[in-house]
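Enquirer: Sharing my_file_2.txt below, compact mmCIF, C-alpha atoms:
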```txt
# COMPACT_ATOMS: atom_id res chain seq x y z
CA MET A 379 -16.69 -13.03 -19.36
CA SER A 380 -20.25 -11.79 -19.06
CA PRO A 381 -22.02 -11.57 -15.74
CA SER A 382 -23.54 -14.88 -14.75
CA THR A 383 -26.23 -13.22 -12.64
CA SER A 384 -28.62 -11.12 -14.65
CA ASN A 385 -29.90 -8.99 -11.76
CA ILE A 386 -26.49 -7.48 -10.97
CA THR A 387 -26.96 -3.85 -11.96
CA SER A 388 -25.09 -1.59 -9.54
CA PHE A 389 -22.45 -1.60 -6.83
CA ASP A 390 -21.67 0.98 -4.18
CA ALA A 391 -18.24 -0.28 -3.05
CA VAL A 392 -15.34 -2.49 -4.05
CA LEU A 393 -13.53 -5.04 -1.87
CA PHE A 394 -10.07 -6.30 -2.79
CA ASP A 395 -8.09 -9.36 -1.82
CA LEU A 396 -4.36 -8.61 -1.56
CA ASP A 397 -1.99 -11.29 -2.88
CA GLY A 398 -2.66 -11.99 -6.53
CA VAL A 399 -5.14 -9.12 -6.80
CA VAL A 400 -3.29 -5.99 -5.66
CA ILE A 401 0.28 -7.27 -5.54
CA ASP A 402 1.77 -10.04 -7.64
CA THR A 403 3.31 -12.16 -4.88
CA THR A 404 1.70 -15.51 -5.62
CA GLU A 405 4.86 -17.29 -6.84
CA LEU A 406 6.81 -15.73 -3.96
CA HIS A 407 4.38 -17.29 -1.49
CA TYR A 408 4.69 -20.66 -3.22
CA ARG A 409 8.48 -20.52 -2.94
CA VAL A 410 8.32 -19.69 0.75
CA TRP A 411 5.79 -22.43 1.50
CA GLU A 412 7.73 -25.05 -0.46
CA ASP A 413 11.09 -24.21 1.12
CA PHE A 414 9.52 -23.96 4.58
CA ALA A 415 7.83 -27.36 4.25
CA ARG A 416 10.85 -29.15 2.76
CA GLU A 417 13.06 -27.92 5.60
CA ARG A 418 10.63 -29.68 7.95
CA GLY A 419 10.38 -32.92 6.01
CA TYR A 420 7.21 -32.30 4.03
CA VAL A 421 7.16 -32.04 0.23
CA PRO A 422 4.00 -30.27 -0.98
CA THR A 423 2.52 -30.97 -4.40
CA ARG A 424 1.68 -28.18 -6.82
CA GLU A 425 -1.99 -28.69 -5.96
CA GLU A 426 -1.21 -28.27 -2.27
CA LEU A 427 0.69 -25.07 -3.01
CA LEU A 428 -2.27 -23.76 -5.03
CA ALA A 429 -4.51 -24.53 -2.08
CA THR A 430 -2.56 -22.09 0.11
CA ASN A 431 -4.08 -19.22 -1.88
CA GLY A 432 -6.52 -17.31 0.28
CA ARG A 433 -6.04 -19.67 3.20
CA ARG A 434 -4.75 -18.59 6.59
CA ALA A 435 -1.28 -19.91 7.46
CA GLY A 436 -2.50 -21.91 10.44
CA GLU A 437 -4.90 -23.89 8.29
CA THR A 438 -2.11 -24.84 5.88
CA LEU A 439 0.23 -25.78 8.73
CA ARG A 440 -2.32 -28.12 10.29
CA ALA A 441 -3.20 -29.61 6.89
CA TRP A 442 0.47 -30.42 6.20
CA PHE A 443 1.92 -31.12 9.63
CA GLY A 444 -1.05 -32.50 11.54
CA GLN A 445 -4.31 -31.35 13.03
CA GLU A 446 -2.92 -32.14 16.47
CA LEU A 447 -0.68 -29.04 16.40
CA ASP A 448 -1.71 -26.84 19.29
CA ASP A 449 -2.18 -23.08 19.05
CA ALA A 450 1.27 -22.32 20.47
CA GLN A 451 2.96 -24.59 17.92
CA VAL A 452 0.95 -23.05 15.09
CA ALA A 453 1.86 -19.55 16.28
CA ALA A 454 5.57 -20.40 16.39
CA LEU A 455 5.55 -22.03 12.96
CA THR A 456 3.56 -19.15 11.52
CA GLU A 457 6.10 -16.68 12.86
CA ASP A 458 8.95 -18.65 11.27
CA ARG A 459 7.10 -18.80 7.97
CA GLU A 460 6.30 -15.08 8.02
CA MET A 461 9.91 -14.15 8.74
CA ALA A 462 10.98 -16.21 5.72
CA PHE A 463 8.40 -14.41 3.60
CA HIS A 464 9.58 -11.01 4.85
CA ARG A 465 13.15 -11.81 3.85
CA LEU A 466 12.08 -12.62 0.30
CA LEU A 467 9.64 -9.72 0.09
CA ASP A 468 12.33 -7.27 1.15
CA HIS A 469 14.80 -8.38 -1.52
CA GLU A 470 12.96 -9.99 -4.42
CA PRO A 471 11.44 -7.87 -7.21
CA VAL A 472 7.67 -7.55 -6.81
CA SER A 473 5.11 -5.51 -8.67
CA ALA A 474 1.49 -4.47 -8.45
CA VAL A 475 -1.01 -6.41 -10.53
CA PRO A 476 -1.23 -4.54 -13.86
CA GLY A 477 -3.73 -1.71 -13.85
CA VAL A 478 -4.65 -1.82 -10.17
CA GLY A 479 -3.11 1.55 -9.31
CA ALA A 480 -4.98 3.32 -12.10
CA TYR A 481 -8.18 1.54 -11.12
CA LEU A 482 -7.87 2.68 -7.51
CA MET A 483 -7.37 6.25 -8.64
CA SER A 484 -10.45 6.03 -10.85
CA LEU A 485 -12.48 4.81 -7.87
CA LYS A 486 -11.17 7.69 -5.79
CA GLN A 487 -12.03 10.26 -8.44
CA ALA A 488 -15.55 8.84 -8.77
CA GLY A 489 -16.13 8.76 -5.01
CA VAL A 490 -16.52 4.98 -4.88
CA PRO A 491 -15.26 3.57 -1.54
CA TRP A 492 -13.12 0.45 -1.29
CA ALA A 493 -11.44 -1.75 1.31
CA LEU A 494 -8.96 -4.59 1.60
CA GLY A 495 -10.09 -8.03 2.77
CA THR A 496 -7.14 -10.41 3.04
CA SER A 497 -6.02 -13.62 4.70
CA ALA A 498 -2.59 -12.05 5.22
CA LEU A 499 -1.45 -10.95 8.65
CA ALA A 500 -1.68 -7.21 9.26
CA GLN A 501 2.09 -6.68 9.18
CA ASN A 502 2.41 -8.66 5.94
CA ALA A 503 -0.31 -6.60 4.30
CA GLU A 504 1.42 -3.37 5.30
CA ARG A 505 4.80 -4.58 4.10
CA ALA A 506 3.45 -5.82 0.78
CA LEU A 507 1.56 -2.61 0.07
CA GLU A 508 4.63 -0.56 0.93
CA ARG A 509 6.73 -2.53 -1.56
CA VAL A 510 4.50 -1.40 -4.43
CA GLY A 511 3.79 2.09 -3.06
CA LEU A 512 0.07 1.55 -2.50
CA GLU A 513 -0.14 1.61 1.30
CA HIS A 514 -1.67 5.12 1.30
CA LEU A 515 -4.48 3.93 -0.97
CA PHE A 516 -5.74 1.30 1.47
CA PRO A 517 -6.69 3.05 4.70
CA VAL A 518 -9.51 0.54 5.27
CA ARG A 519 -8.17 -2.98 5.80
CA VAL A 520 -9.48 -6.20 7.28
CA THR A 521 -6.76 -8.82 7.69
CA SER A 522 -6.54 -12.28 9.25
CA THR A 523 -5.63 -10.50 12.46
CA ASP A 524 -9.17 -9.08 12.56
CA VAL A 525 -11.21 -12.25 12.00
CA LEU A 526 -11.84 -15.55 13.71
CA GLN A 527 -12.69 -17.53 10.58
CA GLY A 528 -10.61 -17.67 7.39
CA LYS A 529 -11.89 -17.83 3.84
CA PRO A 530 -14.12 -19.44 2.51
CA ASP A 531 -15.98 -18.16 5.57
CA PRO A 532 -17.37 -14.73 4.60
CA GLU A 533 -16.28 -12.98 7.82
CA VAL A 534 -13.45 -10.97 6.24
CA TYR A 535 -15.71 -9.53 3.53
CA LEU A 536 -18.63 -8.97 5.87
CA LYS A 537 -16.35 -6.93 8.12
CA ALA A 538 -14.81 -5.05 5.19
CA ALA A 539 -18.26 -4.07 3.90
CA ALA A 540 -19.33 -3.04 7.41
CA ALA A 541 -16.20 -0.88 7.75
CA LEU A 542 -17.34 1.03 4.67
CA GLY A 543 -20.94 1.24 5.86
CA VAL A 544 -22.13 -0.60 2.75
CA PRO A 545 -24.17 -3.83 2.76
CA PRO A 546 -22.32 -6.81 1.27
CA HIS A 547 -24.85 -7.24 -1.54
CA ALA A 548 -23.95 -3.75 -2.74
CA CYS A 549 -20.25 -4.68 -3.04
CA VAL A 550 -18.19 -6.29 -5.74
CA VAL A 551 -15.18 -8.37 -4.67
CA PHE A 552 -11.97 -8.91 -6.64
CA GLU A 553 -10.45 -12.30 -5.86
CA ASP A 554 -7.83 -14.62 -7.36
CA ALA A 555 -8.39 -17.68 -5.17
CA VAL A 556 -11.07 -20.35 -5.07
CA VAL A 557 -11.66 -19.98 -1.33
CA GLY A 558 -11.83 -16.22 -1.74
CA LEU A 559 -14.49 -16.44 -4.42
CA ARG A 560 -16.49 -18.72 -2.18
CA ALA A 561 -16.13 -16.24 0.68
CA ALA A 562 -17.40 -13.43 -1.54
CA ARG A 563 -20.38 -15.51 -2.60
CA ALA A 564 -21.14 -16.48 0.99
CA ALA A 565 -21.08 -12.80 1.94
CA GLY A 566 -23.69 -12.07 -0.70
CA ALA A 567 -21.39 -9.95 -2.85
CA ALA A 568 -20.79 -10.10 -6.57
CA CYS A 569 -17.33 -11.37 -7.46
CA VAL A 570 -14.67 -10.90 -10.10
CA ALA A 571 -12.13 -13.68 -10.58
CA VAL A 572 -8.67 -12.34 -11.43
CA ALA A 573 -6.71 -15.03 -13.30
CA THR A 574 -3.29 -14.44 -11.75
CA SER A 575 -2.99 -17.52 -9.53
CA PHE A 576 -5.38 -20.26 -10.66
CA PRO A 577 -5.96 -21.59 -14.18
CA ARG A 578 -8.96 -19.98 -15.83
CA GLU A 579 -10.77 -23.31 -16.08
CA VAL A 580 -10.56 -23.71 -12.29
CA LEU A 581 -11.93 -20.23 -11.70
CA VAL A 582 -14.78 -20.75 -14.18
CA ARG A 583 -16.02 -23.67 -12.11
CA GLU A 584 -16.62 -21.23 -9.23
CA ARG A 585 -19.07 -19.31 -11.43
CA PRO A 586 -17.73 -15.80 -10.83
CA ASP A 587 -19.75 -12.92 -12.21
CA TRP A 588 -16.73 -11.87 -14.26
CA LEU A 589 -13.38 -13.40 -15.13
CA VAL A 590 -10.54 -11.05 -16.05
CA LYS A 591 -6.82 -11.26 -16.67
CA ASP A 592 -6.04 -8.14 -14.65
CA PHE A 593 -7.32 -4.59 -14.16
CA ARG A 594 -6.61 -3.63 -17.77
CA ASP A 595 -9.22 -6.19 -18.81
CA LEU A 596 -12.30 -4.90 -16.99
CA PRO A 597 -15.76 -4.79 -18.57
CA GLN A 598 -17.55 -1.47 -18.62
CA ALA A 599 -19.88 -2.49 -15.78
CA LEU A 600 -16.90 -2.54 -13.38
CA ARG A 601 -15.58 0.86 -14.31
CA PRO A 602 -16.45 3.89 -12.16
CA GLY A 603 -19.10 6.13 -13.62
CA SER A 604 -20.70 3.28 -15.52
CA HIS A 605 -24.23 2.04 -14.92
CA GLY A 606 -22.74 -0.76 -12.83
CA LEU A 607 -20.34 1.01 -10.45
CA THR A 608 -21.42 4.27 -8.83
CA ALA A 609 -20.70 6.21 -5.68
CA PRO A 610 -23.22 5.79 -2.86
CA THR A 611 -25.81 8.59 -2.93
CA ALA A 612 -27.02 8.11 0.64
CA PRO A 613 -25.94 6.27 3.76
CA HIS A 614 -27.02 2.68 3.92
CA PRO A 615 -29.13 1.62 6.88
```
Rewrite the structure of this file - the entire thing - as structure tokens.
Expert:
Amino acid sequence: MSPSTSNITSFDAVLFDLDGVVIDTTELHYRVWEDFARERGYVPTREELLATNGRRAGETLRAWFGQELDDAQVAALTEDREMAFHRLLDHEPVSAVPGVGAYLMSLKQAGVPWALGTSALAQNAERALERVGLEHLFPVRVTSTDVLQGKPDPEVYLKAAAALGVPPHACVVFEDAVVGLRAARAAGAACVAVATSFPREVLVRERPDWLVKDFRDLPQALRPGSHGLTAPTAPHP
């Protein structure tokens, strides 16, 4: 898919979502959410499961079980849900999204900085990255533990860009979820939709700058050393 914004010419940093972008855990999350909800008397539709992508757990819990849930109830339910996810993550086969490891190494070799910006809890992010052997490649992380507002609010990507010392408009974001793409846009960053979780036709409606299958399918503009993606030459103000 060609860029939809003609003035996008260069990027100084890359921001990554986690689930569905770095690690292929989308179906695992769906299984956990469905089992968790059914055990508590709620049967989510496929559309409701899709809507969990990129959304913080508390938002899903209140959407399904009632906005009147207080913070303590949400915290307890979230803990139960996360423990269920950990059990599956520890024992089910999981893999990195194809090509992401090689892409990270190419960024490293070219001196292009990157960070993680995810709706996952900090401990989930660590555990997921460990499962695919990529934890050492993500020293800069912003998780739901670090923000007050979940996606589509841009806070997670604004903080990730700030952690790199790069303005958001000089970043490109890789996202698989609708709310994540909206967060990237709201932050002022360019965005790449990775078609691992949502149907391509759904992602197209969000008008991403690029739409790819995975990291083996990147256009030249998103490859380090190209005219589009280069290492910063000087500190940003």
Enquirer: Name the closest residue to Ala415 in chain A among the candidates A:Glu533, A:Asp458, A:Asp554, A:Glu584; distances are taken between atoms, counting all atoms listed in the file.
Expert: A:Asp458
Enquirer: Determine the axis-aligned bounding box of all atoms of range 386-402 of chain A present in the file, pad each side by 6 Å, and express its centre and edge lengths in Å to one decimal place as lines of an AutoDock Vina configuration file.
Expert:
```
center_x = -12.6
center_y = -5.5
center_z = -6.8
size_x = 40.7
size_y = 25.0
size_z = 22.4
```
Enquirer: Any idea what's packed within 6 Å of Ala555 in chain A, counting only C-alpha atoms, ignoring anything in its chain fewer than 3 positions away? Could you give it as a list in words?
Expert: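 Final neighbour list, sorted by chain and number: Asn431, Gly432 and Gly558 of chain A.
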Enquirer: List the neighbours of Phe443 in chain A out to 12 Å using all atoms listed in the file; skip same-chain residues closer than 3 positions along the sequence, and give me the result as a list in words.
Expert: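 The residues satisfying every condition are Phe414, Ala415, Arg416, Arg418, Gly419, Tyr420, Val421, Pro422, Ala435, Gly436, Glu437, Thr438, Leu439, Arg440, Glu446, Leu447, Asp448, Gln451, Val452 and Leu455 of chain A.
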Enquirer: Measuring atom to atom with all atoms listed in the file, identify which of A:Tyr481, A:Phe552, A:Trp588, A:Tyr535 is nearest to Leu396 in chain A.
Expert: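 Nearest candidate to Leu396 in chain A out of A:Tyr481, A:Phe552, A:Trp588, A:Tyr535: A:Phe552.
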Enquirer: Identify which of the residues A:Trp442, A:Trp492, A:Phe394, A:Phe389 lies closest to Thr521 in chain A, counting only C-alpha atoms when measuring atom-to-atom distances.
Expert: A:Phe394
Enquirer: Could you tell me how far CA of Arg459 in chain A lies from CA of Thr403 in chain A, in Å and to one decimal?
Expert: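 Pair CA of Arg459 in chain A / CA of Thr403 in chain A returns 15.0 Å.
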Enquirer: Quick one: everything within 10 Å of Lys486 in chain A, counting all atoms listed in the file, minus sequence neighbours fewer than 4 positions away in the same chain. Send it as a VMD selection string.
Expert: chain A and resid 480 to 482 490 to 492 515 602 609
Enquirer: Separation of CA of Glu412 in chain A and CA of Leu559 in chain A, in Å?
Expert: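 Between CA of Glu412 in chain A and CA of Leu559 in chain A the gap works out to 24.2 Å.
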Enquirer: With all atoms listed in the file as the atoms that count, which of A:Phe463, A:Ala454, A:His469, A:Arg434 lies nearest to Tyr408 in chain A?
Expert: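 Distance minimum relative to Tyr408 in chain A lands on A:Phe463.
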Enquirer: When you draw a straight line from CA of Glu508 in chain A to CA of Val410 in chain A, how long is it in Å?
Expert: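 These two atoms are separated by 19.5 Å.
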Enquirer: List the spatial neighbours of Ser575 in chain A as a count of residues only - criterion: any atom at most 12 Å away, all atoms listed in the file, same-chain residues fewer than 3 positions off excluded.
Expert: 34
Enquirer: Taking all atoms listed in the file into account, name the residue in A:Val478, A:Asp449, A:Leu466, A:Val534 that is nearest to Gly511 in chain A.
Expert: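 Comparing A:Val478, A:Asp449, A:Leu466, A:Val534 against Gly511 in chain A, the winner is A:Val478.
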Enquirer: Using all atoms listed in the file, can you tell me which of A:Ala493, A:Cys549, A:Ala503, A:Ala474 comes closest to Phe593 in chain A?
Expert: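 Of the candidates, the smallest distance to Phe593 in chain A is held by A:Ala474.
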Enquirer: Here's a test: counting all atoms listed in the file, identify every protein, DNA and RNA residue with an atom at most 9 Å from (9.9, -6.9, -3.4) in the file's coordinate frame, and state them as a PyMOL selection string.
Expert: chain A and resi 403+466-473+506+509-510
Enquirer: Let's have the selection written as a PDB file, in the coordinates of the input, with C-alpha atoms.
Expert:
```pdb
ATOM      1  CA  THR A 403       3.310 -12.160  -4.880  1.00  0.00           C
ATOM      2  CA  LEU A 466      12.080 -12.620   0.300  1.00  0.00           C
ATOM      3  CA  LEU A 467       9.640  -9.720   0.090  1.00  0.00           C
ATOM      4  CA  ASP A 468      12.330  -7.270   1.150  1.00  0.00           C
ATOM      5  CA  HIS A 469      14.800  -8.380  -1.520  1.00  0.00           C
ATOM      6  CA  GLU A 470      12.960  -9.990  -4.420  1.00  0.00           C
ATOM      7  CA  PRO A 471      11.440  -7.870  -7.210  1.00  0.00           C
ATOM      8  CA  VAL A 472       7.670  -7.550  -6.810  1.00  0.00           C
ATOM      9  CA  SER A 473       5.110  -5.510  -8.670  1.00  0.00           C
ATOM     10  CA  ALA A 506       3.450  -5.820   0.780  1.00  0.00           C
ATOM     11  CA  ARG A 509       6.730  -2.530  -1.560  1.00  0.00           C
ATOM     12  CA  VAL A 510       4.500  -1.400  -4.430  1.00  0.00           C
TER      13      VAL A 510
END
```
